[in-house]
Amino acid sequence: MFFEPRSGRLAAWGNALLAGLVSPDDAVAAVVAEDAVHRVAGLPGESGQVGLTLALGRLRALGVRGLRVALPAPGHPLGLSGPPDFNARALEAEEAVVCHGAALGLVPDVYEAGPVEGLSTEVVWHCLEVRQAPPADVPSLGEAERELAQALREATETLAQLDVAGSGPVAEAAVDAYRARAERGRELLAPGYPPRAVRVLELAQRVALLIDMAEEHGPGAAVSASAMDARSRALRPVERTARRAQVAAYNAYVEESERGVR
């Protein structure tokens, strides 16, 4: 099932902290969420792992003015700018945070710790050098919203023709129920983000959930190899569009700052 990327939480709440809109404790609590603990390794000036509160303060001291998200996939380095080392690690993790104002990036390493009967999730963010250049293939909020609406219409029509689970009102109701449970007690984005970014992220997450449901619940009446291939071809571009829209939403804070909107 679709999950909120940890890089999204770190970027959103890190941006709110850098802007002075939330306290360090509130920002770290929102980033960690249901995980046990987050640490940062490889931070300049530190010989070992440090806590997230200290790390965010150190990044600010190093000149970081904002945080962007990357959600790369094979053949699609979405949000990345190099070098190859960083891109490879980000691709393996399927996500990363890229700093604005300093040539640094953060890639999460997620693992389970503790006794078998009480495993908890711990995250170590590896701080690495990045190339300061425009991120790859990130649309504006307006572009992302238009592309997402069009892709959703086209994919829904194709999936309905193939009788694929995830394309009808029952699937929509399941998505609504899942989102109500997942979002209870949390904000979709941190304070300081424009309303349009919240709207784009909400639509992108809804699309991602529908894609997951279509993939998880089997091919419906699409039992032939050609029909299944058609389903895959219908889902592939909309999944890509949904990822691009998520990145555009998370990165909106930095993009507005660069344009002098703030």
# chains A, B, ... in the order shown; residues from 1 in each chain; ligands from 1

$ residues_around --residues "region 40-43 of chain A" --least-positions-apart "3" --cutoff "12 Å" --atoms "only C-alpha atoms" --output "number ranges by chain"
A: 10, 37, 46-62, 103-110, 122-129

$ residues_around --residues "region 12-29 of chain A" --least-positions-apart "2" --cutoff "10 Å" --atoms "only C-alpha atoms" --output "PyMOL selection string"
chain A and resi 6-10+31-35+37-38+51-54+56-57+59-60+64-69+188-193+249-254

$ select_by_dssp --residues "region 20-188 of chain A" --states "strand (DSSP E or B)" --output "count of residues only"
39

$ residues_around --residues "Leu141 (chain A)" --least-positions-apart "6" --cutoff "10 Å" --atoms "only C-alpha atoms" --output "PyMOL selection string"
chain A and resi 147+196-197+199-201+244-252+255

$ closest_residue --among "A:Arg259, A:Glu95, A:Pro195, A:Leu71" --to "Ala242 (chain A)" --atoms "only C-alpha atoms"
A:Leu71

$ select_by_dssp --residues "region 10-149 of chain A" --states "helix (DSSP H, G or I)" --output "PyMOL selection string"
chain A and resi 10-18+24-32+52-61+84-93+116-118+141-149

$ residues_around --residues "Pro74 (chain A)" --least-positions-apart "4" --cutoff "12 Å" --atoms "only C-alpha atoms" --output "PDB file with C-alpha atoms, in the first residue's frame"
ATOM      1  CA  LEU A  78      13.390  12.526 -10.511  1.00  0.00           C
ATOM      2  CA  ASN A  87      22.175   9.270  -7.394  1.00  0.00           C
ATOM      3  CA  ALA A  88      22.888   5.543  -7.067  1.00  0.00           C
ATOM      4  CA  ALA A  90      19.094   7.593  -3.752  1.00  0.00           C
ATOM      5  CA  LEU A  91      17.842   5.255  -6.466  1.00  0.00           C
ATOM      6  CA  GLU A  92      18.422   2.243  -4.221  1.00  0.00           C
ATOM      7  CA  ALA A  93      16.458   3.925  -1.408  1.00  0.00           C
ATOM      8  CA  GLU A  94      13.893   5.269  -3.906  1.00  0.00           C
ATOM      9  CA  GLU A  95      14.026   8.653  -2.169  1.00  0.00           C
ATOM     10  CA  ARG A 240       5.407   8.567 -13.027  1.00  0.00           C
TER      11      ARG A 240
END

$ residues_around --residues "Pro134 (chain A)" --least-positions-apart "5" --cutoff "9 Å" --atoms "only C-alpha atoms" --output "JSON, numbers by chain"
{"A": [79, 80, 81]}

$ residues_around --residues "Thr241 (chain A)" --least-positions-apart "5" --cutoff "12 Å" --atoms "only C-alpha atoms" --output "JSON, numbers by chain"
{"A": [71, 76, 78, 137, 138, 139, 143, 144, 145, 146, 147, 148, 149, 150, 151, 152, 155, 200, 201, 203, 204, 205, 207, 208, 211, 234, 235, 236, 246, 247, 248]}

$ write_last_selection --atoms "N, CA, C and O atoms" --output "compact mmCIF listing (two decimals), in the first residue's frame"
# COMPACT_ATOMS: atom_id res chain seq x y z
N LEU A 71 12.44 11.60 -5.66
CA LEU A 71 11.80 10.27 -5.64
C LEU A 71 12.15 9.53 -6.93
O LEU A 71 11.30 9.31 -7.79
N HIS A 76 14.52 7.05 -14.30
CA HIS A 76 13.86 8.34 -14.03
C HIS A 76 14.47 8.97 -12.77
O HIS A 76 13.99 8.76 -11.67
N LEU A 78 14.26 11.41 -10.91
CA LEU A 78 13.39 12.53 -10.51
C LEU A 78 13.91 13.25 -9.27
O LEU A 78 14.03 12.67 -8.20
N ASP A 137 13.75 16.91 -13.91
CA ASP A 137 12.37 16.58 -14.28
C ASP A 137 11.32 16.98 -13.25
O ASP A 137 10.27 16.34 -13.15
N VAL A 138 11.55 18.01 -12.46
CA VAL A 138 10.56 18.45 -11.47
C VAL A 138 9.69 19.54 -12.08
O VAL A 138 10.19 20.59 -12.46
N PRO A 139 8.37 19.32 -12.18
CA PRO A 139 7.49 20.32 -12.77
C PRO A 139 7.11 21.41 -11.77
O PRO A 139 7.33 21.26 -10.56
N GLU A 143 1.94 22.89 -13.52
CA GLU A 143 2.15 21.82 -14.49
C GLU A 143 1.77 20.47 -13.89
O GLU A 143 1.11 19.64 -14.53
N ALA A 144 2.20 20.23 -12.64
CA ALA A 144 1.92 18.96 -11.98
C ALA A 144 0.43 18.73 -11.83
O ALA A 144 -0.08 17.63 -12.07
N GLU A 145 -0.29 19.77 -11.46
CA GLU A 145 -1.74 19.63 -11.27
C GLU A 145 -2.44 19.30 -12.58
O GLU A 145 -3.30 18.42 -12.62
N ARG A 146 -2.08 19.99 -13.64
CA ARG A 146 -2.70 19.73 -14.95
C ARG A 146 -2.36 18.33 -15.46
O ARG A 146 -3.24 17.60 -15.94
N GLU A 147 -1.08 17.96 -15.36
CA GLU A 147 -0.65 16.65 -15.84
C GLU A 147 -1.33 15.53 -15.07
O GLU A 147 -1.73 14.51 -15.64
N LEU A 148 -1.47 15.71 -13.77
CA LEU A 148 -2.05 14.68 -12.92
C LEU A 148 -3.52 14.47 -13.24
O LEU A 148 -4.00 13.33 -13.33
N ALA A 149 -4.26 15.56 -13.42
CA ALA A 149 -5.68 15.45 -13.74
C ALA A 149 -5.88 14.73 -15.07
O ALA A 149 -6.74 13.85 -15.20
N GLN A 150 -5.07 15.06 -16.06
CA GLN A 150 -5.18 14.43 -17.38
C GLN A 150 -4.79 12.96 -17.31
O GLN A 150 -5.49 12.09 -17.86
N ALA A 151 -3.69 12.64 -16.64
CA ALA A 151 -3.24 11.26 -16.54
C ALA A 151 -4.26 10.40 -15.79
O ALA A 151 -4.50 9.24 -16.15
N LEU A 152 -4.87 10.97 -14.76
CA LEU A 152 -5.87 10.23 -13.99
C LEU A 152 -7.08 9.91 -14.85
O LEU A 152 -7.60 8.79 -14.82
N ALA A 155 -6.00 7.13 -17.43
CA ALA A 155 -5.77 5.82 -16.80
C ALA A 155 -7.08 5.21 -16.31
O ALA A 155 -7.29 4.00 -16.44
N VAL A 200 -2.22 19.62 -4.57
CA VAL A 200 -1.50 18.75 -5.51
C VAL A 200 -1.03 17.48 -4.82
O VAL A 200 -1.15 16.38 -5.37
N LEU A 201 -0.51 17.60 -3.60
CA LEU A 201 -0.03 16.41 -2.89
C LEU A 201 -1.19 15.47 -2.57
O LEU A 201 -1.06 14.26 -2.69
N LEU A 203 -3.99 15.06 -4.26
CA LEU A 203 -4.39 14.37 -5.48
C LEU A 203 -3.35 13.34 -5.89
O LEU A 203 -3.69 12.22 -6.30
N ALA A 204 -2.07 13.67 -5.76
CA ALA A 204 -1.01 12.73 -6.11
C ALA A 204 -1.07 11.49 -5.24
O ALA A 204 -0.88 10.36 -5.72
N GLN A 205 -1.33 11.66 -3.95
CA GLN A 205 -1.42 10.51 -3.05
C GLN A 205 -2.64 9.66 -3.37
O GLN A 205 -2.59 8.43 -3.29
N VAL A 207 -3.99 9.29 -6.34
CA VAL A 207 -3.64 8.55 -7.56
C VAL A 207 -2.71 7.39 -7.24
O VAL A 207 -2.89 6.27 -7.74
N ALA A 208 -1.72 7.63 -6.38
CA ALA A 208 -0.78 6.57 -6.01
C ALA A 208 -1.50 5.41 -5.33
O ALA A 208 -1.18 4.24 -5.56
N ILE A 211 -3.34 3.35 -7.94
CA ILE A 211 -2.40 2.50 -8.68
C ILE A 211 -2.03 1.27 -7.86
O ILE A 211 -2.02 0.14 -8.36
N ALA A 234 -0.90 1.34 -19.03
CA ALA A 234 -1.78 2.42 -18.56
C ALA A 234 -1.32 2.98 -17.23
O ALA A 234 -1.42 4.18 -16.97
N LEU A 235 -0.81 2.10 -16.37
CA LEU A 235 -0.41 2.52 -15.02
C LEU A 235 0.94 3.21 -15.00
O LEU A 235 1.17 4.11 -14.19
N ARG A 236 1.85 2.79 -15.89
CA ARG A 236 3.22 3.28 -15.82
C ARG A 236 3.32 4.82 -15.94
O ARG A 236 3.94 5.45 -15.09
N GLN A 246 4.13 14.68 -6.53
CA GLN A 246 4.52 14.67 -5.13
C GLN A 246 5.78 15.51 -4.91
O GLN A 246 5.84 16.32 -3.97
N VAL A 247 6.76 15.32 -5.77
CA VAL A 247 8.01 16.09 -5.64
C VAL A 247 7.74 17.58 -5.80
O VAL A 247 8.26 18.41 -5.05
N ALA A 248 6.91 17.94 -6.77
CA ALA A 248 6.58 19.35 -6.97
C ALA A 248 5.93 19.94 -5.72
O ALA A 248 6.22 21.08 -5.34

$ closest_residue --among "A:Ala70, A:Ala36, A:Gln132, A:Glu258" --to "Ala113 (chain A)" --atoms "only C-alpha atoms"
A:Ala36
